[in-house]
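Dropping model_8.txt in here (compact mmCIF, C-alpha atoms):
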# COMPACT_ATOMS: atom_id res chain seq x y z
CA MET A 27 -1.43 -4.87 -2.33
CA HIS A 28 1.25 -3.29 -4.48
CA ILE A 29 0.89 -0.61 -7.20
CA ASP A 30 3.13 0.13 -10.18
CA GLU A 31 2.83 2.51 -13.13
CA CYS A 32 3.05 1.26 -16.71
CA LYS A 33 4.90 3.02 -19.54
CA ASP A 34 1.60 3.99 -21.20
CA GLY A 35 0.29 5.71 -18.05
CA ASN A 36 -1.98 2.85 -17.00
CA LEU A 37 -1.70 1.36 -13.52
CA VAL A 38 -1.28 -2.26 -12.51
CA PHE A 39 -1.73 -3.65 -9.02
CA CYS A 40 -1.97 -6.96 -7.20
CA SER A 41 -4.07 -7.86 -4.17
CA ILE A 42 -4.53 -10.80 -1.80
CA ASN A 43 -8.18 -11.65 -1.20
CA TRP A 44 -10.16 -13.95 1.03
CA ASP A 45 -13.69 -14.97 1.89
CA TYR A 46 -14.07 -16.40 5.39
CA SER A 47 -17.57 -17.62 4.59
CA LEU A 48 -16.02 -20.14 2.18
CA ASN A 49 -12.89 -21.09 4.11
CA PRO A 50 -11.15 -19.04 6.85
CA SER A 51 -7.69 -20.00 5.55
CA TYR A 52 -8.44 -19.72 1.83
CA ARG A 53 -6.46 -17.06 -0.07
CA TYR A 54 -6.37 -16.10 -3.73
CA SER A 55 -4.68 -13.28 -5.66
CA LYS A 56 -5.86 -10.80 -8.26
CA LEU A 57 -3.95 -8.80 -10.85
CA VAL A 58 -5.78 -5.68 -12.00
CA LEU A 59 -5.01 -3.21 -14.81
CA ILE A 60 -6.74 0.19 -14.74
CA ASP A 61 -6.39 3.33 -16.84
CA SER A 62 -5.44 6.80 -15.58
CA SER A 63 -9.10 7.49 -14.74
CA CYS A 64 -9.32 4.38 -12.51
CA ASN A 65 -11.45 2.50 -15.05
CA LEU A 66 -11.01 -1.25 -15.15
CA ILE A 67 -9.20 -2.58 -18.25
CA LYS A 68 -8.45 -6.16 -17.31
CA GLU A 69 -8.21 -8.39 -14.27
CA LEU A 70 -6.91 -11.88 -13.60
CA LYS A 71 -7.81 -14.08 -10.64
CA ILE A 72 -5.07 -16.49 -9.60
CA GLU A 73 -6.15 -19.45 -7.49
CA TYR A 74 -5.18 -23.09 -7.15
CA PRO A 75 -7.02 -26.19 -5.88
CA LEU A 76 -4.25 -27.25 -3.47
CA PHE A 77 -2.47 -23.96 -2.72
CA ASN A 78 -3.20 -20.57 -1.22
CA SER A 79 -1.96 -17.82 -3.52
CA LYS A 80 -0.47 -14.62 -2.05
CA ILE A 81 1.00 -12.18 -4.58
CA PHE A 82 2.60 -9.28 -2.70
CA ARG A 83 4.38 -7.33 -5.45
CA ILE A 84 3.95 -6.62 -9.15
CA PHE A 85 6.47 -4.78 -11.35
CA SER A 86 5.83 -3.25 -14.78
CA LEU A 87 8.81 -3.63 -17.12
CA ASP A 88 9.44 -2.87 -20.78
CA SER A 89 8.48 -6.40 -21.82
CA GLY A 90 5.66 -7.20 -19.40
CA TYR A 91 5.02 -7.81 -15.71
CA ILE A 92 6.76 -9.72 -12.95
CA THR A 93 4.92 -10.78 -9.78
CA LEU A 94 6.48 -11.76 -6.47
CA GLY A 95 4.55 -13.86 -3.98
CA ALA A 96 4.15 -17.14 -2.15
CA LEU A 97 2.23 -20.39 -2.31
CA SER A 98 1.31 -22.49 0.72
CA LEU A 99 -0.36 -25.88 0.83
CA LYS A 100 -3.94 -25.64 2.08
CA SER A 101 -3.49 -28.99 3.83
CA LYS A 102 -0.07 -28.03 5.25
CA PRO A 103 0.11 -24.24 5.75
CA ASN A 104 3.58 -24.59 7.29
CA GLN A 105 4.93 -25.64 3.87
CA SER A 106 5.57 -22.63 1.61
CA GLN A 107 7.14 -21.76 -1.72
CA ILE A 108 8.25 -18.49 -3.24
CA GLN A 109 6.47 -18.00 -6.57
CA ILE A 110 7.56 -15.55 -9.30
CA LEU A 111 5.52 -15.13 -12.46
CA SER A 112 6.42 -13.48 -15.77
CA LEU A 113 3.41 -12.18 -17.70
CA LYS A 114 2.78 -10.40 -20.97
CA PHE A 115 0.84 -7.14 -20.96
CA LYS A 116 -2.48 -8.99 -21.41
CA PHE A 117 -1.79 -11.00 -18.22
CA GLU A 118 -0.72 -14.10 -20.17
CA ILE A 119 1.60 -16.11 -17.91
CA THR A 120 4.78 -17.00 -19.82
CA LYS A 121 7.01 -18.38 -17.06
CA GLU A 122 6.75 -19.56 -13.46
CA TYR A 123 9.71 -19.72 -11.07
CA ILE A 124 9.45 -21.66 -7.80
CA ILE A 125 11.83 -21.49 -4.82
CA ASN A 126 11.08 -24.23 -2.29
CA LEU A 127 11.44 -23.29 1.37
CA PRO A 128 12.20 -25.66 4.24
CA ALA A 129 9.28 -26.84 6.37
CA ASN A 130 8.16 -24.38 9.06
CA ILE A 131 9.83 -21.46 7.28
CA GLU A 132 7.34 -18.84 6.10
CA PRO A 133 7.70 -15.66 4.01
CA TYR A 134 6.54 -12.65 5.99
CA TRP A 135 7.29 -9.49 3.99
CA PHE A 136 8.21 -8.85 0.35
CA MET A 137 9.92 -5.85 -1.21
CA GLY A 138 11.79 -5.12 -4.42
CA THR A 139 12.96 -2.64 -7.00
CA THR A 140 13.09 -2.75 -10.80
CA LEU A 141 16.48 -3.36 -12.36
CA GLU A 142 17.34 -1.34 -15.47
CA LYS A 143 14.70 -2.24 -18.11
CA ASP A 144 13.91 -5.94 -17.74
CA GLY A 145 14.54 -7.35 -14.32
CA ILE A 146 14.02 -7.00 -10.59
CA VAL A 147 16.06 -7.31 -7.43
CA ALA A 148 13.91 -8.34 -4.49
CA SER A 149 14.15 -9.27 -0.84
CA VAL A 150 11.88 -11.56 1.17
CA ASN A 151 11.74 -11.78 4.96
CA LEU A 152 11.59 -15.37 6.20
CA SER A 153 10.68 -16.51 9.69
CA LYS A 154 9.56 -19.62 11.53
CA TYR A 155 5.94 -20.55 10.95
CA PRO A 156 3.63 -18.89 11.87
CA ALA A 157 5.31 -15.52 11.22
CA PRO A 158 6.06 -13.34 12.99
CA ILE A 159 7.44 -15.06 16.09
CA THR A 160 9.07 -12.76 18.63
CA GLY A 161 12.70 -13.67 19.15
CA SER A 162 12.81 -16.11 16.24
CA ILE A 163 15.66 -16.28 13.75
CA TRP A 164 15.00 -14.16 10.66
CA LEU A 165 16.49 -14.67 7.23
CA ASN A 166 16.52 -12.57 4.08
CA LEU A 167 16.11 -14.18 0.70
CA PHE A 168 17.63 -12.00 -2.04
CA ILE A 169 16.31 -12.64 -5.56
CA HIS A 170 17.46 -11.39 -8.97
CA LEU A 171 15.31 -12.13 -12.02
CA ASP A 172 16.52 -11.30 -15.54
CA TRP A 173 13.65 -11.28 -18.04
CA ASN A 174 15.83 -11.32 -21.18
CA GLN A 175 18.07 -14.13 -19.94
CA ASN A 176 15.07 -16.06 -18.62
CA SER A 177 17.04 -16.74 -15.45
CA ILE A 178 16.70 -16.40 -11.70
CA ASN A 179 19.32 -16.23 -8.98
CA TYR A 180 18.77 -16.19 -5.23
CA LYS A 181 20.77 -16.20 -1.98
CA PHE A 182 19.95 -16.41 1.72
CA TYR A 183 21.36 -13.85 4.13
CA GLN A 184 21.29 -13.60 7.92
CA PRO A 185 20.32 -11.52 9.87
CA GLY A 186 17.10 -10.53 8.20
CA ILE A 187 14.05 -8.34 8.80
CA SER A 188 14.14 -5.97 5.86
CA SER A 189 11.47 -3.31 5.86
CA SER A 190 12.10 -1.54 2.56
CA MET A 191 14.25 -1.52 -0.56
CA ALA A 192 15.28 1.15 -3.06
CA ASP A 193 17.76 1.89 -5.84
CA GLY A 194 21.15 3.14 -4.70
CA ILE A 195 22.21 6.80 -4.73
CA ASP A 196 25.06 6.12 -7.16
CA LYS A 197 23.35 6.73 -10.51
CA ASP A 198 26.12 4.80 -12.30
CA LYS A 199 25.18 1.67 -10.37
CA ILE A 200 21.46 1.46 -10.89
CA SER A 201 21.43 -2.27 -10.21
CA GLU A 202 22.20 -1.74 -6.55
CA GLY A 203 19.64 -1.55 -3.80
CA PHE A 204 19.59 -0.76 -0.12
CA ILE A 205 18.02 -3.17 2.34
CA GLY A 206 17.02 -1.57 5.62
CA SER A 207 17.00 -3.99 8.55
CA GLY A 208 16.93 -3.95 12.31
CA SER A 209 20.70 -4.20 12.65
CA VAL A 210 22.51 -3.47 9.40
CA ASN A 211 21.88 -1.90 5.99
CA LEU A 212 23.21 -3.71 2.98
CA LYS A 213 24.12 -2.53 -0.48
CA ILE A 214 23.94 -5.35 -3.01
CA ASP A 215 24.69 -5.66 -6.71
CA LYS A 216 22.56 -7.45 -9.30
CA ASN A 217 24.45 -10.69 -8.62
CA LEU A 218 23.24 -10.41 -5.01
CA ASN A 219 26.72 -9.89 -3.64
CA VAL A 220 26.94 -7.61 -0.61
CA ILE A 221 29.25 -4.77 -1.64
CA ASP A 222 28.72 -2.52 1.38
CA SER A 223 27.41 -2.91 4.90
CA ILE A 224 26.44 0.05 7.08
CA GLU A 225 25.47 -0.13 10.74
CA SER A 226 21.83 0.80 11.20
CA PRO A 227 21.08 4.20 12.74
CA TRP A 228 19.51 4.20 16.17
CA PHE A 229 16.02 4.84 14.81
CA PHE A 230 16.14 1.58 12.84
CA LYS A 231 16.84 -0.34 16.03
CA GLN A 232 14.40 1.42 18.36
CA CYS A 233 11.49 2.28 16.12
CA GLY A 234 8.76 0.45 14.31
CA PRO A 235 8.07 -0.08 10.58
CA THR A 236 10.34 1.86 8.25
CA SER A 237 9.78 3.21 4.75
CA LEU A 238 12.71 4.14 2.52
CA PHE A 239 12.99 5.78 -0.88
CA VAL A 240 15.73 7.42 -2.94
CA ALA A 241 14.55 10.31 -5.11
CA ASN A 242 15.99 10.54 -8.62
CA TRP A 243 16.18 14.32 -8.12
CA SER A 244 18.25 14.09 -4.92
CA ASN A 245 21.45 12.45 -3.69
CA SER A 246 19.83 11.60 -0.39
CA LEU A 247 17.93 8.78 1.27
CA TYR A 248 14.56 9.55 2.82
CA PHE A 249 13.12 7.52 5.69
CA ALA A 250 9.81 7.53 7.53
CA VAL A 251 9.64 5.58 10.79
CA THR A 252 7.02 5.21 13.49
CA GLY A 253 7.11 3.98 17.05
CA CYS A 254 10.11 6.13 18.04
CA GLN A 255 8.10 7.98 20.65
CA SER A 256 5.78 6.70 23.37
CA ASP A 257 3.23 8.81 21.52
CA THR A 258 2.43 6.68 18.45
CA GLN A 259 0.53 9.54 16.84
CA SER A 260 3.72 10.91 15.28
CA VAL A 261 6.17 9.82 12.62
CA GLU A 262 9.87 10.64 12.42
CA LEU A 263 11.24 11.73 9.03
CA TYR A 264 14.94 11.58 8.16
CA LYS A 265 17.05 12.76 5.25
CA LEU A 266 20.38 10.88 5.10
CA ASP A 267 23.46 10.73 2.95
CA SER A 268 24.86 7.51 1.45
CA LYS A 269 26.60 6.67 4.76
CA PHE A 270 23.37 7.20 6.71
CA ASN A 271 24.53 10.45 8.31
CA ILE A 272 21.55 12.64 9.22
CA GLN A 273 21.18 15.71 7.00
CA ASN A 274 17.74 16.75 8.21
CA ARG A 275 14.96 15.42 10.42
CA ALA A 276 11.40 16.34 11.31
CA ARG A 277 8.55 15.03 13.40
CA ILE A 278 5.06 14.92 11.93
CA TYR A 279 2.06 14.80 14.22
CA ASN A 280 -1.16 13.82 12.50
CA GLY A 281 -3.58 13.98 15.40
CA ILE A 282 -4.97 10.49 14.78
CA LYS A 283 -4.34 7.61 17.16
CA GLU A 284 -2.45 4.41 16.39
CA THR A 285 -0.56 5.53 13.32
CA CYS A 286 1.01 2.68 11.37
CA TYR A 287 3.45 2.96 8.47
CA TRP A 288 4.42 0.25 6.03
CA GLY A 289 7.40 -0.36 3.78
CA GLU A 290 5.92 1.58 0.88
CA SER A 291 4.37 4.62 2.49
CA MET A 292 6.82 7.19 1.10
CA ASP A 293 7.62 8.11 -2.51
CA GLY A 294 8.41 11.01 -4.83
CA LEU A 295 9.33 11.12 -8.50
CA ILE A 296 9.08 14.83 -9.32
CA ASN A 297 11.45 17.50 -8.08
CA ASN A 298 11.06 18.55 -4.46
CA ARG A 299 7.83 16.62 -3.85
CA ILE A 300 7.51 13.82 -1.29
CA TYR A 301 4.33 11.90 -0.54
CA LEU A 302 3.79 10.23 2.81
CA GLY A 303 0.89 7.92 3.65
CA GLY A 304 -0.34 6.23 6.79
CA MET A 305 -3.37 4.92 8.66
CA SER A 306 -4.96 4.79 12.09
CA ASN A 307 -6.62 2.12 14.20
CA ILE A 308 -5.24 -1.13 12.83
CA ASN A 309 -7.46 -3.20 15.15
CA ASN A 310 -9.84 -4.37 12.45
CA PHE A 311 -13.57 -4.49 13.21
CA VAL A 312 -13.17 -2.76 16.60
CA GLU A 313 -13.87 0.67 15.15
CA PRO A 314 -13.53 2.19 11.67
CA SER A 315 -10.08 3.29 10.55
CA THR A 316 -8.79 6.37 8.74
CA PHE A 317 -6.00 6.66 6.20
CA TYR A 318 -4.29 9.75 4.87
CA LEU A 319 -1.76 11.30 2.48
CA PHE A 320 0.62 14.18 3.18
CA ALA A 321 2.55 16.13 0.51
CA MET A 322 5.79 17.88 1.48
CA ASP A 323 9.02 19.27 0.02
CA SER A 324 12.52 17.88 0.49
CA SER A 325 12.90 19.77 3.78
CA PHE A 326 9.70 18.09 5.10
CA LYS A 327 7.62 21.25 4.94
CA ILE A 328 4.01 20.09 4.50
CA SER A 329 2.13 21.48 1.50
CA TRP A 330 -1.21 19.77 2.16
CA LYS A 331 -2.89 16.91 4.02
CA ARG A 332 -5.74 14.69 2.86
CA PHE A 333 -7.63 12.27 5.09
CA PHE A 334 -10.00 9.49 4.05
CA GLY A 335 -12.08 6.73 5.56
CA GLY A 336 -13.81 6.60 8.91
CA ASP A 337 -16.70 4.57 7.49
CA ALA A 338 -15.06 1.13 7.21
CA PHE A 339 -11.92 -0.84 8.05
CA TYR A 340 -9.09 0.32 5.80
CA ARG A 341 -5.49 -0.86 5.53
CA LEU A 342 -3.24 1.41 3.47
CA LEU A 343 -0.68 -0.90 1.85
CA SER A 344 0.84 0.88 -1.15
CA LEU A 345 1.70 4.38 -2.35
CA LYS A 346 2.97 5.21 -5.84
CA SER A 347 3.84 8.61 -7.27
CA THR A 348 4.10 9.14 -11.02
CA LYS A 349 6.43 11.14 -13.25
CA SER A 350 3.51 13.40 -14.13
CA GLY A 351 3.06 14.34 -10.46
CA PHE A 352 0.03 12.25 -9.55
CA CYS A 353 -0.08 9.99 -6.52
CA TYR A 354 -1.97 6.70 -6.13
CA ILE A 355 -2.70 5.19 -2.75
CA GLY A 356 -4.25 1.80 -2.31
CA GLY A 357 -4.99 -0.97 0.13
CA GLU A 358 -7.73 -3.22 1.44
CA VAL A 359 -11.13 -2.45 2.89
CA SER A 360 -13.86 -4.34 4.73
CA THR A 361 -17.09 -3.25 6.38
CA GLN A 362 -19.17 -4.68 9.21
CA LYS A 363 -21.41 -6.08 6.50
CA THR A 364 -18.50 -7.62 4.56
CA LYS A 365 -15.94 -8.14 7.36
CA ASN A 366 -15.44 -11.73 6.24
CA GLU A 367 -14.07 -10.40 2.94
CA SER A 368 -11.18 -8.16 1.99
CA ASN A 369 -11.34 -6.06 -1.17
CA PRO A 370 -8.83 -3.65 -2.74
CA PHE A 371 -9.26 0.08 -3.32
CA ILE A 372 -7.34 2.73 -5.31
CA ILE A 373 -7.45 6.53 -4.92
CA LYS A 374 -5.71 8.99 -7.28
CA LEU A 375 -4.79 12.60 -6.37
CA ASP A 376 -2.93 15.33 -8.24
CA GLN A 377 -0.01 17.49 -7.01
CA ASN A 378 -2.41 19.87 -5.26
CA GLY A 379 -4.27 17.13 -3.41
CA LYS A 380 -7.32 17.18 -5.66
CA LEU A 381 -9.17 13.87 -5.81
CA ILE A 382 -9.06 12.68 -9.45
CA CYS A 383 -10.74 9.29 -9.16
CA SER A 384 -11.26 6.33 -6.85
CA THR A 385 -12.28 2.76 -7.43
CA PHE A 386 -13.29 -0.07 -5.12
CA TYR A 387 -13.06 -3.63 -6.36
CA LYS A 388 -15.07 -6.67 -5.43
CA PRO A 389 -15.09 -9.90 -7.42
CA GLY A 390 -17.06 -9.07 -10.55
CA LYS A 391 -18.23 -5.55 -9.59
CA THR A 392 -17.34 -2.30 -7.86
CA TRP A 393 -18.77 -1.13 -4.57
CA ASP A 394 -22.20 0.48 -4.87
CA ILE A 395 -21.63 3.48 -2.59
CA ASN A 396 -18.55 4.71 -0.75
CA VAL A 397 -18.43 7.62 1.70
CA PHE A 398 -15.23 9.22 2.96
CA GLN A 399 -13.93 12.63 3.97
CA ASP A 400 -11.36 14.76 2.24
CA TYR A 401 -10.25 16.88 5.17
CA ASN A 402 -10.14 19.81 2.78
CA ASN A 403 -13.59 20.49 4.29
CA LYS A 404 -15.42 18.18 1.89
CA LEU A 405 -17.47 15.03 2.35
CA ILE A 406 -17.02 12.78 -0.68
CA VAL A 407 -19.82 10.41 -1.68
CA VAL A 408 -19.08 8.10 -4.61
CA CYS A 409 -22.22 6.52 -6.12
CA ASN A 410 -21.82 3.57 -8.46
CA ILE A 411 -25.56 3.05 -8.88
CA ALA A 412 -28.00 4.35 -11.46
CA VAL A 413 -30.95 4.56 -9.05
CA SER A 414 -32.60 7.97 -8.80
CA PRO A 415 -33.57 9.86 -6.72
CA CYS A 416 -30.68 9.27 -4.32
CA GLN A 417 -29.94 11.43 -1.26
CA ILE A 418 -27.89 11.56 1.91
CA ILE A 419 -29.16 12.78 5.31
CA LEU A 420 -26.65 14.03 7.91
CA PHE A 421 -26.91 14.21 11.72
CA SER A 422 -24.45 15.36 14.36
CA ASN A 423 -23.21 13.12 17.18
CA SER A 424 -25.81 14.73 19.48
CA GLY A 425 -28.60 13.90 17.03
CA CYS A 426 -29.04 17.36 15.51
CA TYR A 427 -30.24 17.38 11.90
CA LEU A 428 -27.54 18.84 9.60
CA GLY A 429 -29.19 18.64 6.22
CA THR A 430 -30.33 16.54 3.27
CA TYR A 431 -28.38 16.54 0.02
CA GLN A 432 -29.27 15.14 -3.38
CA LEU A 433 -26.70 12.77 -4.87
CA GLN A 434 -25.80 12.36 -8.51
CA ALA A 435 -26.11 8.74 -9.58
CA ASN A 436 -23.08 7.15 -11.21
CA GLY A 437 -20.86 10.00 -10.09
CA THR A 438 -18.77 11.60 -7.36
CA ASN A 439 -20.51 14.07 -5.05
CA GLN A 440 -18.86 16.68 -2.82
CA ILE A 441 -20.60 18.21 0.21
CA SER A 442 -19.04 21.16 2.00
CA LEU A 443 -18.61 20.65 5.74
CA ALA A 444 -17.99 24.32 6.47
CA GLY A 445 -19.75 25.22 9.69
CA PHE A 446 -20.34 21.61 10.70
CA PRO A 447 -19.22 20.52 14.19
CA SER A 448 -16.07 18.43 14.55
CA GLY A 449 -16.52 14.84 15.66
CA LEU A 450 -18.79 12.08 14.45
CA ILE A 451 -21.34 12.82 11.77
CA TYR A 452 -23.91 10.13 11.07
CA TYR A 453 -25.37 9.65 7.62
CA GLY A 454 -28.15 7.71 6.00
CA ILE A 455 -28.48 7.20 2.25
CA THR A 456 -31.76 6.48 0.51
CA ALA A 457 -32.16 5.30 -3.08
CA ASN A 458 -35.51 5.18 -4.85
CA GLN A 459 -37.13 6.18 -1.53
CA LYS A 460 -35.72 3.12 0.25
CA ASN A 461 -33.00 2.99 2.90
CA PHE A 462 -29.79 1.94 1.18
CA CYS A 463 -26.99 2.22 3.75
CA SER A 464 -25.88 4.20 6.80
CA GLY A 465 -22.69 4.90 8.71
CA SER A 466 -20.59 7.59 10.38
CA ILE A 467 -17.63 9.81 9.56
CA GLU A 468 -15.24 11.39 12.08
CA THR A 469 -14.76 14.96 10.88
CA ILE A 470 -12.14 17.56 11.73
CA ASN A 471 -12.89 21.19 10.79
Would you mind writing the file's structure down as structure tokens?
Amino acid sequence: MHIDECKDGNLVFCSINWDYSLNPSYRYSKLVLIDSSCNLIKELKIEYPLFNSKIFRIFSLDSGYITLGALSLKSKPNQSQIQILSLKFKFEITKEYIINLPANIEPYWFMGTTLEKDGIVASVNLSKYPAPITGSIWLNLFIHLDWNQNSINYKFYQPGISSSMADGIDKDKISEGFIGSGSVNLKIDKNLNVIDSIESPWFFKQCGPTSLFVANWSNSLYFAVTGCQSDTQSVELYKLDSKFNIQNRARIYNGIKETCYWGESMDGLINNRIYLGGMSNINNFVEPSTFYLFAMDSSFKISWKRFFGGDAFYRLLSLKSTKSGFCYIGGEVSTQKTKNESNPFIIKLDQNGKLICSTFYKPGKTWDINVFQDYNNKLIVVCNIAVSPCQIILFSNSGCYLGTYQLQANGTNQISLAGFPSGLIYYGITANQKNFCSGSIETIN
């Protein structure tokens, strides 16, 4: 999944979906446009008879949208192509660009940044099929697409393994981007020429996934990396200058096991506000996972923390802050009941961490009921059903009855957890006097 904000304040995102009950290797993509209240405006399903479709990135430009993804033959999954689509604002496809890859070379990770008004510069990690293979040769594919010129340019570069990409610090050279890799960081121009090469800091080489962003209100680079310590419950934060000299650093401990950070888990568009996202327990279907959002200033002082999930298997894949101070986080979710499917979700919060809206998407409809915890001492129950009466019953991990609460149909309900014990809380939801669903939430008070 990837999220981008449109000029009119709407939000566009892409997702990769599957249904194992139909075909374990079948993949299709969806493009979704929602308004600022998370209401669905338009969606487009992209699927092909002979190919799996995987759209990893979508960019909103002045003239429309550009998507970045891959196609692979269903009959020969080791044969892949890079696919770039240009679309009008109503999701009308106007142009398709295809870059053929050699056999047994597979795209593994996509990243990119918008270029001025009508173009993108992107980077794609390539590896031997099936990616990733430990010790294999990695390549980077750099791509520049110019909407107005209706042209595309691309180059291969070795070594590869980029984890993130951002505009350069030099505001007079907005076409440049940084590529963070395991060995070297490159500065490239819009013609994909390498104009600077900087040796990677030690934390690039020794740590896990890295997220990079350059704030338009600062002349610094900001990095979030995980895996630097034997304790994977922490993340290292770095503020660097243009030569990657450390200006400030901090260690954030979130208290949740198996933290994982992705290439787009850090962002900030308003002055002195940085958002950082992450998730726990990436072993899907072993136990439910939790995802979270931290807000902090430029010195990494935390303003607030918000935690979600615990009732299903979540993967936080994208984080996008807006010029008006809001922050969207999104990813994929499955449950034990629907573990053969993957469906996208979006959550919107304001500068103070207040939940504004959330939406869960399945083909043709939204999820009926979703339960998660805002660790601001609230249990959030989102009902997308019109059945009444509807209520939730809570029990502690030891089986003690904690209370019954009436739920508003077709609305978002908040239940205070003040005085509740920390740990697992089990819930059961009834609708029209019939059992509807049940689950558990891991609470921290």
Gap from atom CA of Asn245 of chain A to atom CA of Leu266 of chain A - Å, one decimal |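 One can read the atom CA of Asn245 of chain A to atom CA of Leu266 of chain A distance as 9.0 Å.
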How many Å separate atom CA of Thr438 of chain A from atom CA of Ser464 of chain A?
-> 17.5 Å
Atom pair atom CA of Asp376 of chain A + atom CA of Leu319 of chain A, distance 11.5 Å
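Residue nearest Lys33 of chain A, chosen from A:Gly90, A:Pro103, A:Gly356, A:Pro415 and counting only C-alpha atoms: A:Gly90.
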How big is the axis-aligned box, and where does its centre sit, when it encloses all atoms of segment 350-358 of chain A listed in the file and has 3 Å added on every side, reported in Å to one decimal as AutoDock Vina command-line options?
--center_x -2.1 --center_y 5.6 --center_z -6.3 --size_x 17.2 --size_y 23.6 --size_z 21.6
In terms of the shortest atom-to-atom distance over all atoms listed in the file, which of A:Val397, A:Ala435, A:Gly465, A:Asn297 is closest to Phe421 of chain A?
->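 For Phe421 of chain A, the nearest of the candidates is A:Gly465.
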May I have the residues at most 9 Å from (9.0, 11.3, 9.4) in the file's coordinates, counting only C-alpha atoms, as a list in words?
-> Tyr248, Phe249, Ala250, Val251, Thr252, Ser260, Val261, Glu262, Leu263, Tyr264, Arg275, Ala276, Arg277, Ile278, Leu302 and Phe326 of chain A
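Residues in contact with Val147 of chain A at up to 6 Å, not including ones fewer than 2 positions away on its chain and judged by all atoms listed in the file, are Gly138, Thr139, Ile169 and His170 of chain A.
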